[in-house]
$ cat model_34.pdb   # PDB, C-alpha atoms
ATOM      1  CA  MET A   1     195.171 214.003 202.081  1.00  0.00           C
ATOM      2  CA  THR A   2     196.978 212.448 205.054  1.00  0.00           C
ATOM      3  CA  GLU A   3     195.652 208.947 205.704  1.00  0.00           C
ATOM      4  CA  PHE A   4     198.612 207.628 207.677  1.00  0.00           C
ATOM      5  CA  ILE A   5     200.857 208.978 210.425  1.00  0.00           C
ATOM      6  CA  ASP A   6     204.469 207.859 210.646  1.00  0.00           C
ATOM      7  CA  GLY A   7     206.941 208.292 213.498  1.00  0.00           C
ATOM      8  CA  GLN A   8     208.159 211.690 212.342  1.00  0.00           C
ATOM      9  CA  SER A   9     204.593 212.967 211.926  1.00  0.00           C
ATOM     10  CA  PHE A  10     203.605 211.666 215.360  1.00  0.00           C
ATOM     11  CA  THR A  11     206.616 213.428 216.860  1.00  0.00           C
ATOM     12  CA  SER A  12     205.467 216.650 215.182  1.00  0.00           C
ATOM     13  CA  MET A  13     201.937 216.125 216.527  1.00  0.00           C
ATOM     14  CA  VAL A  14     203.253 215.877 220.096  1.00  0.00           C
ATOM     15  CA  ILE A  15     205.396 219.000 219.628  1.00  0.00           C
ATOM     16  CA  CYS A  16     202.419 220.916 218.182  1.00  0.00           C
ATOM     17  CA  ALA A  17     200.185 219.727 221.035  1.00  0.00           C
ATOM     18  CA  HIS A  18     202.700 221.132 223.498  1.00  0.00           C
ATOM     19  CA  ALA A  19     202.885 224.436 221.607  1.00  0.00           C
ATOM     20  CA  ALA A  20     199.085 224.757 221.571  1.00  0.00           C
ATOM     21  CA  LEU A  21     198.871 223.888 225.252  1.00  0.00           C
ATOM     22  CA  SER A  22     201.556 226.425 226.110  1.00  0.00           C
ATOM     23  CA  ALA A  23     199.797 229.120 224.081  1.00  0.00           C
ATOM     24  CA  GLY A  24     196.496 228.431 225.853  1.00  0.00           C
ATOM     25  CA  LYS A  25     197.772 227.770 229.348  1.00  0.00           C
ATOM     26  CA  GLN A  26     196.502 231.058 230.801  1.00  0.00           C
ATOM     27  CA  GLN A  27     193.016 230.367 229.479  1.00  0.00           C
ATOM     28  CA  LEU A  28     193.162 226.920 231.116  1.00  0.00           C
ATOM     29  CA  ASN A  29     194.461 228.468 234.334  1.00  0.00           C
ATOM     30  CA  GLU A  30     191.381 230.707 234.439  1.00  0.00           C
ATOM     31  CA  LEU A  31     188.960 227.977 233.376  1.00  0.00           C
ATOM     32  CA  ASN A  32     189.629 225.502 236.151  1.00  0.00           C
ATOM     33  CA  VAL A  33     187.938 225.857 239.527  1.00  0.00           C
ATOM     34  CA  PHE A  34     187.837 222.187 240.580  1.00  0.00           C
ATOM     35  CA  PRO A  35     188.864 220.830 243.006  1.00  0.00           C
ATOM     36  CA  VAL A  36     190.103 224.329 243.886  1.00  0.00           C
ATOM     37  CA  PRO A  37     190.582 227.476 241.776  1.00  0.00           C
ATOM     38  CA  ASP A  38     194.368 227.292 242.070  1.00  0.00           C
ATOM     39  CA  GLY A  39     195.106 229.034 238.760  1.00  0.00           C
ATOM     40  CA  ASP A  40     197.815 226.621 237.635  1.00  0.00           C
ATOM     41  CA  THR A  41     196.044 223.909 235.637  1.00  0.00           C
ATOM     42  CA  GLY A  42     197.222 225.124 232.239  1.00  0.00           C
ATOM     43  CA  THR A  43     200.714 225.733 233.548  1.00  0.00           C
ATOM     44  CA  ASN A  44     200.851 222.219 235.023  1.00  0.00           C
ATOM     45  CA  MET A  45     199.598 220.615 231.818  1.00  0.00           C
ATOM     46  CA  SER A  46     202.067 222.652 229.760  1.00  0.00           C
ATOM     47  CA  LEU A  47     204.996 221.669 231.998  1.00  0.00           C
ATOM     48  CA  THR A  48     203.937 218.024 231.794  1.00  0.00           C
ATOM     49  CA  MET A  49     203.912 218.186 227.993  1.00  0.00           C
ATOM     50  CA  GLN A  50     207.199 220.096 227.981  1.00  0.00           C
ATOM     51  CA  SER A  51     208.782 217.201 229.836  1.00  0.00           C
ATOM     52  CA  ALA A  52     207.272 214.701 227.369  1.00  0.00           C
ATOM     53  CA  VAL A  53     208.655 216.679 224.425  1.00  0.00           C
ATOM     54  CA  LYS A  54     212.075 217.000 226.048  1.00  0.00           C
ATOM     55  CA  GLU A  55     212.262 213.239 226.609  1.00  0.00           C
ATOM     56  CA  MET A  56     210.955 212.553 223.104  1.00  0.00           C
ATOM     57  CA  ASN A  57     213.518 214.922 221.540  1.00  0.00           C
ATOM     58  CA  ALA A  58     216.269 212.985 223.304  1.00  0.00           C
ATOM     59  CA  CYS A  59     215.068 209.859 221.499  1.00  0.00           C
ATOM     60  CA  SER A  60     217.045 209.319 218.302  1.00  0.00           C
ATOM     61  CA  SER A  61     214.662 206.752 216.843  1.00  0.00           C
ATOM     62  CA  ASN A  62     211.662 207.214 214.556  1.00  0.00           C
ATOM     63  CA  ARG A  63     210.225 203.883 215.690  1.00  0.00           C
ATOM     64  CA  PHE A  64     206.903 204.118 217.498  1.00  0.00           C
ATOM     65  CA  GLN A  65     208.054 201.878 220.370  1.00  0.00           C
ATOM     66  CA  GLU A  66     210.867 204.241 221.341  1.00  0.00           C
ATOM     67  CA  ILE A  67     208.967 207.458 220.618  1.00  0.00           C
ATOM     68  CA  CYS A  68     205.962 206.365 222.668  1.00  0.00           C
ATOM     69  CA  ASP A  69     208.065 205.072 225.530  1.00  0.00           C
ATOM     70  CA  SER A  70     209.860 208.420 225.715  1.00  0.00           C
ATOM     71  CA  VAL A  71     206.613 210.439 225.549  1.00  0.00           C
ATOM     72  CA  SER A  72     205.036 208.328 228.307  1.00  0.00           C
ATOM     73  CA  LYS A  73     208.130 208.447 230.481  1.00  0.00           C
ATOM     74  CA  GLY A  74     208.639 212.186 229.981  1.00  0.00           C
ATOM     75  CA  ALA A  75     205.007 213.036 230.703  1.00  0.00           C
ATOM     76  CA  LEU A  76     205.006 210.975 233.886  1.00  0.00           C
ATOM     77  CA  LYS A  77     208.357 212.375 235.066  1.00  0.00           C
ATOM     78  CA  GLY A  78     207.208 215.922 234.419  1.00  0.00           C
ATOM     79  CA  ALA A  79     203.628 215.583 235.651  1.00  0.00           C
ATOM     80  CA  ARG A  80     202.595 218.547 237.778  1.00  0.00           C
ATOM     81  CA  GLY A  81     199.398 218.707 239.797  1.00  0.00           C
ATOM     82  CA  ASN A  82     196.241 216.700 239.197  1.00  0.00           C
ATOM     83  CA  SER A  83     195.847 217.978 235.644  1.00  0.00           C
ATOM     84  CA  GLY A  84     199.421 217.037 234.765  1.00  0.00           C
ATOM     85  CA  VAL A  85     199.063 213.560 236.211  1.00  0.00           C
ATOM     86  CA  ILE A  86     195.784 213.002 234.359  1.00  0.00           C
ATOM     87  CA  SER A  87     197.325 214.320 231.133  1.00  0.00           C
ATOM     88  CA  SER A  88     200.298 211.991 231.543  1.00  0.00           C
ATOM     89  CA  GLN A  89     197.916 209.069 231.942  1.00  0.00           C
ATOM     90  CA  ILE A  90     195.988 210.052 228.820  1.00  0.00           C
ATOM     91  CA  PHE A  91     199.265 210.013 226.903  1.00  0.00           C
ATOM     92  CA  ARG A  92     200.277 206.742 228.536  1.00  0.00           C
ATOM     93  CA  GLY A  93     197.074 205.142 227.250  1.00  0.00           C
ATOM     94  CA  ILE A  94     197.426 206.641 223.776  1.00  0.00           C
ATOM     95  CA  CYS A  95     201.031 205.505 223.560  1.00  0.00           C
ATOM     96  CA  SER A  96     200.165 201.991 224.775  1.00  0.00           C
ATOM     97  CA  VAL A  97     198.322 201.474 221.480  1.00  0.00           C
ATOM     98  CA  ILE A  98     200.517 203.465 219.106  1.00  0.00           C
ATOM     99  CA  LYS A  99     203.781 201.920 220.272  1.00  0.00           C
ATOM    100  CA  ASN A 100     202.670 198.594 218.800  1.00  0.00           C
ATOM    101  CA  VAL A 101     202.370 200.048 215.291  1.00  0.00           C
ATOM    102  CA  ASN A 102     205.062 199.134 212.779  1.00  0.00           C
ATOM    103  CA  ASP A 103     205.468 202.003 210.318  1.00  0.00           C
ATOM    104  CA  THR A 104     202.248 204.042 210.208  1.00  0.00           C
ATOM    105  CA  PHE A 105     198.791 204.232 211.738  1.00  0.00           C
ATOM    106  CA  ASP A 106     195.408 205.382 210.484  1.00  0.00           C
ATOM    107  CA  THR A 107     192.438 207.133 212.084  1.00  0.00           C
ATOM    108  CA  ARG A 108     190.965 203.820 213.285  1.00  0.00           C
ATOM    109  CA  THR A 109     194.137 203.026 215.205  1.00  0.00           C
ATOM    110  CA  PHE A 110     194.199 206.545 216.610  1.00  0.00           C
ATOM    111  CA  ALA A 111     190.593 206.090 217.747  1.00  0.00           C
ATOM    112  CA  LYS A 112     191.668 202.989 219.681  1.00  0.00           C
ATOM    113  CA  ALA A 113     194.533 204.998 221.161  1.00  0.00           C
ATOM    114  CA  ILE A 114     192.210 207.778 222.363  1.00  0.00           C
ATOM    115  CA  GLU A 115     189.892 205.147 223.858  1.00  0.00           C
ATOM    116  CA  ALA A 116     192.859 203.639 225.719  1.00  0.00           C
ATOM    117  CA  GLY A 117     193.911 207.111 226.887  1.00  0.00           C
ATOM    118  CA  ALA A 118     190.491 207.762 228.400  1.00  0.00           C
ATOM    119  CA  LYS A 119     190.406 204.346 230.055  1.00  0.00           C
ATOM    120  CA  VAL A 120     193.875 204.697 231.587  1.00  0.00           C
ATOM    121  CA  ALA A 121     193.131 208.233 232.819  1.00  0.00           C
ATOM    122  CA  TYR A 122     189.850 207.199 234.464  1.00  0.00           C
ATOM    123  CA  GLY A 123     191.626 204.240 236.069  1.00  0.00           C
ATOM    124  CA  ALA A 124     194.298 206.510 237.521  1.00  0.00           C
ATOM    125  CA  VAL A 125     191.818 208.674 239.442  1.00  0.00           C
ATOM    126  CA  ALA A 126     190.439 207.269 242.684  1.00  0.00           C
ATOM    127  CA  THR A 127     187.131 209.135 242.464  1.00  0.00           C
ATOM    128  CA  PRO A 128     186.598 210.431 238.919  1.00  0.00           C
ATOM    129  CA  LYS A 129     184.381 213.521 238.688  1.00  0.00           C
ATOM    130  CA  GLU A 130     182.296 214.336 235.650  1.00  0.00           C
ATOM    131  CA  GLY A 131     182.705 217.869 234.349  1.00  0.00           C
ATOM    132  CA  THR A 132     186.497 217.624 234.292  1.00  0.00           C
ATOM    133  CA  ILE A 133     189.173 216.804 231.719  1.00  0.00           C
ATOM    134  CA  LEU A 134     188.149 213.181 232.223  1.00  0.00           C
ATOM    135  CA  THR A 135     184.689 213.903 230.825  1.00  0.00           C
ATOM    136  CA  VAL A 136     186.124 215.683 227.805  1.00  0.00           C
ATOM    137  CA  VAL A 137     188.527 212.860 226.937  1.00  0.00           C
ATOM    138  CA  ARG A 138     185.830 210.221 227.544  1.00  0.00           C
ATOM    139  CA  LEU A 139     183.357 211.910 225.218  1.00  0.00           C
ATOM    140  CA  MET A 140     186.048 212.321 222.590  1.00  0.00           C
ATOM    141  CA  ALA A 141     186.947 208.642 222.956  1.00  0.00           C
ATOM    142  CA  GLU A 142     183.307 207.632 222.616  1.00  0.00           C
ATOM    143  CA  SER A 143     183.107 209.509 219.305  1.00  0.00           C
ATOM    144  CA  ALA A 144     186.569 208.604 218.020  1.00  0.00           C
ATOM    145  CA  GLY A 145     185.684 205.261 216.421  1.00  0.00           C
ATOM    146  CA  LYS A 146     182.577 206.570 214.671  1.00  0.00           C
ATOM    147  CA  LEU A 147     184.501 209.573 213.362  1.00  0.00           C
ATOM    148  CA  ALA A 148     187.312 207.315 212.130  1.00  0.00           C
ATOM    149  CA  GLY A 149     184.725 205.445 210.075  1.00  0.00           C
ATOM    150  CA  LYS A 150     183.712 208.723 208.432  1.00  0.00           C
ATOM    151  CA  HIS A 151     187.140 210.353 208.049  1.00  0.00           C
ATOM    152  CA  LYS A 152     190.242 208.679 206.655  1.00  0.00           C
ATOM    153  CA  ASP A 153     192.044 212.022 206.317  1.00  0.00           C
ATOM    154  CA  PHE A 154     193.713 212.961 209.604  1.00  0.00           C
ATOM    155  CA  VAL A 155     193.109 216.690 209.219  1.00  0.00           C
ATOM    156  CA  GLU A 156     189.364 216.158 208.800  1.00  0.00           C
ATOM    157  CA  TYR A 157     189.353 213.514 211.533  1.00  0.00           C
ATOM    158  CA  LEU A 158     191.214 215.594 214.100  1.00  0.00           C
ATOM    159  CA  ASN A 159     189.103 218.674 213.339  1.00  0.00           C
ATOM    160  CA  ALA A 160     185.944 216.619 213.926  1.00  0.00           C
ATOM    161  CA  LEU A 161     187.382 215.099 217.108  1.00  0.00           C
ATOM    162  CA  ILE A 162     188.422 218.508 218.432  1.00  0.00           C
ATOM    163  CA  ALA A 163     184.901 219.789 217.750  1.00  0.00           C
ATOM    164  CA  VAL A 164     183.567 216.969 219.956  1.00  0.00           C
ATOM    165  CA  GLY A 165     186.034 218.014 222.659  1.00  0.00           C
ATOM    166  CA  ASP A 166     185.009 221.660 222.376  1.00  0.00           C
ATOM    167  CA  GLU A 167     181.340 220.690 222.698  1.00  0.00           C
ATOM    168  CA  ALA A 168     182.108 218.488 225.707  1.00  0.00           C
ATOM    169  CA  LEU A 169     184.075 221.291 227.346  1.00  0.00           C
ATOM    170  CA  ALA A 170     181.195 223.711 226.853  1.00  0.00           C
ATOM    171  CA  LYS A 171     178.882 221.309 228.695  1.00  0.00           C
ATOM    172  CA  THR A 172     181.150 220.695 231.710  1.00  0.00           C
ATOM    173  CA  PRO A 173     179.581 223.456 233.848  1.00  0.00           C
ATOM    174  CA  GLU A 174     176.285 221.559 233.671  1.00  0.00           C
ATOM    175  CA  LEU A 175     177.971 218.434 235.038  1.00  0.00           C
ATOM    176  CA  LEU A 176     179.900 219.919 237.931  1.00  0.00           C
ATOM    177  CA  PRO A 177     178.008 222.380 240.189  1.00  0.00           C
ATOM    178  CA  VAL A 178     181.176 224.212 241.263  1.00  0.00           C
ATOM    179  CA  LEU A 179     181.871 225.060 237.597  1.00  0.00           C
ATOM    180  CA  LYS A 180     178.329 226.314 237.066  1.00  0.00           C
ATOM    181  CA  LYS A 181     178.572 228.501 240.149  1.00  0.00           C
ATOM    182  CA  ALA A 182     181.926 229.937 239.018  1.00  0.00           C
TER     183      ALA A 182
END
$ encode --input "model_34.pdb" --output "structure tokens"
Amino acid sequence: MTEFIDGQSFTSMVICAHAALSAGKQQLNELNVFPVPDGDTGTNMSLTMQSAVKEMNACSSNRFQEICDSVSKGALKGARGNSGVISSQIFRGICSVIKNVNDTFDTRTFAKAIEAGAKVAYGAVATPKEGTILTVVRLMAESAGKLAGKHKDFVEYLNALIAVGDEALAKTPELLPVLKKA
């Protein structure tokens, strides 16, 4: 059972997130049709995360302050397109909470981080549209605290949180007419 995440584990989580995003980038490219079906959403998000990982790997510290500062800086520097910018802001919000942790954090702290990520991302978009990545992260954030109360183990917690995200993603076509039409 993994109840706490340390700096090395968080670094691994970011690297794994980038790997998963890179593996699924074509599916994301095909999924997005808003604001235009430009076919590069997954690529842009993957490149944004690649930049965050590159900056993080250049960080020699295992302290959350330095790791989170490098992830935030790298994601912002490497942000591509709307999806990349929004993703960088989600990570900025997450890191704004985690960077204040001393040695480890639990699922309750991570829930607060996800909530901050959603808030920062919504604040970065002039006219947020429901049915987008913003909706998915918001719905995950709204469930994060309740799930943290049920799951102390990170594997169980993240699986439950991802299930909320998958469900939210499946409902996005109902929220954005252009998605439903596509």
$ closest_atom_pairs --input "model_34.pdb" --of "segment 85-181 of chain A" --to "segment 62-67 of chain A" --cutoff "9 Å" --atoms "all atoms listed in the file" --output "Markdown table"
| residue | atom | partner | partner_atom | distance |
| --- | --- | --- | --- | --- |
| A:Cys95 | CA | A:Gln65 | CA | 8.5 |
| A:Ile98 | CA | A:Phe64 | CA | 6.6 |
| A:Lys99 | CA | A:Gln65 | CA | 4.3 |
| A:Asn100 | CA | A:Gln65 | CA | 6.5 |
| A:Val101 | CA | A:Phe64 | CA | 6.5 |
| A:Asn102 | CA | A:Phe64 | CA | 7.1 |
| A:Asp103 | CA | A:Arg63 | CA | 7.4 |
| A:Thr104 | CA | A:Phe64 | CA | 8.6 |
$ closest_residue --input "model_34.pdb" --among "A:Ala126, A:Ala52, A:Thr172, A:Ile86" --to "Ile15 of chain A" --atoms "all atoms listed in the file"
A:Ala52
$ closest_residue --input "model_34.pdb" --among "A:Val97, A:Ala121, A:Ile114, A:Ala79" --to "Leu161 of chain A" --atoms "all atoms listed in the file"
A:Ile114
$ atom_distance --input "model_34.pdb" --atom1 "atom CA of Lys54 of chain A" --atom2 "atom CA of Cys16 of chain A"
13.1 Å
$ closest_residue --input "model_34.pdb" --among "A:Asp6, A:Asp69, A:His151, A:Leu76" --to "Ser51 of chain A" --atoms "all atoms listed in the file"
A:Leu76
$ resolve_selection --input "model_34.pdb" --expression "the PyMOL selection byres ((chain A and resi 44) around 10)" --output "number ranges by chain"
A: 22, 25, 28-29, 39-43, 45-50, 78-85, 87
$ closest_residue --input "model_34.pdb" --among "A:Ala19, A:Ile5, A:Ala144, A:Ala75" --to "Tyr157 of chain A" --atoms "only C-alpha atoms"
A:Ala144
$ closest_residue --input "model_34.pdb" --among "A:Cys59, A:Ala118, A:Val53, A:Ala124" --to "Ser143 of chain A" --atoms "only C-alpha atoms"
A:Ala118
$ residues_around --input "model_34.pdb" --residues "Leu139 of chain A" --least-positions-apart "5" --cutoff "8 Å" --atoms "only C-alpha atoms" --output "count of residues only"
3
$ atom_distance --input "model_34.pdb" --atom1 "atom CA of Arg108 of chain A" --atom2 "atom CA of Val14 of chain A"
18.5 Å
$ resolve_selection --input "model_34.pdb" --expression "the PyMOL selection byres ((chain A and resi 107) around 12)" --output "PDB file with C-alpha atoms, keeping the file's coordinate frame"
ATOM      1  CA  THR A   2     196.978 212.448 205.054  1.00  0.00           C
ATOM      2  CA  GLU A   3     195.652 208.947 205.704  1.00  0.00           C
ATOM      3  CA  PHE A   4     198.612 207.628 207.677  1.00  0.00           C
ATOM      4  CA  ILE A   5     200.857 208.978 210.425  1.00  0.00           C
ATOM      5  CA  ILE A  98     200.517 203.465 219.106  1.00  0.00           C
ATOM      6  CA  THR A 104     202.248 204.042 210.208  1.00  0.00           C
ATOM      7  CA  PHE A 105     198.791 204.232 211.738  1.00  0.00           C
ATOM      8  CA  ASP A 106     195.408 205.382 210.484  1.00  0.00           C
ATOM      9  CA  ARG A 108     190.965 203.820 213.285  1.00  0.00           C
ATOM     10  CA  THR A 109     194.137 203.026 215.205  1.00  0.00           C
ATOM     11  CA  PHE A 110     194.199 206.545 216.610  1.00  0.00           C
ATOM     12  CA  ALA A 111     190.593 206.090 217.747  1.00  0.00           C
ATOM     13  CA  LYS A 112     191.668 202.989 219.681  1.00  0.00           C
ATOM     14  CA  ALA A 113     194.533 204.998 221.161  1.00  0.00           C
ATOM     15  CA  ILE A 114     192.210 207.778 222.363  1.00  0.00           C
ATOM     16  CA  ALA A 144     186.569 208.604 218.020  1.00  0.00           C
ATOM     17  CA  GLY A 145     185.684 205.261 216.421  1.00  0.00           C
ATOM     18  CA  LYS A 146     182.577 206.570 214.671  1.00  0.00           C
ATOM     19  CA  LEU A 147     184.501 209.573 213.362  1.00  0.00           C
ATOM     20  CA  ALA A 148     187.312 207.315 212.130  1.00  0.00           C
ATOM     21  CA  GLY A 149     184.725 205.445 210.075  1.00  0.00           C
ATOM     22  CA  LYS A 150     183.712 208.723 208.432  1.00  0.00           C
ATOM     23  CA  HIS A 151     187.140 210.353 208.049  1.00  0.00           C
ATOM     24  CA  LYS A 152     190.242 208.679 206.655  1.00  0.00           C
ATOM     25  CA  ASP A 153     192.044 212.022 206.317  1.00  0.00           C
ATOM     26  CA  PHE A 154     193.713 212.961 209.604  1.00  0.00           C
ATOM     27  CA  VAL A 155     193.109 216.690 209.219  1.00  0.00           C
ATOM     28  CA  GLU A 156     189.364 216.158 208.800  1.00  0.00           C
ATOM     29  CA  TYR A 157     189.353 213.514 211.533  1.00  0.00           C
ATOM     30  CA  LEU A 158     191.214 215.594 214.100  1.00  0.00           C
ATOM     31  CA  ALA A 160     185.944 216.619 213.926  1.00  0.00           C
ATOM     32  CA  LEU A 161     187.382 215.099 217.108  1.00  0.00           C
TER      33      LEU A 161
END
$ atom_distance --input "model_34.pdb" --atom1 "atom CA of Glu115 of chain A" --atom2 "atom CA of Lys73 of chain A"
19.7 Å
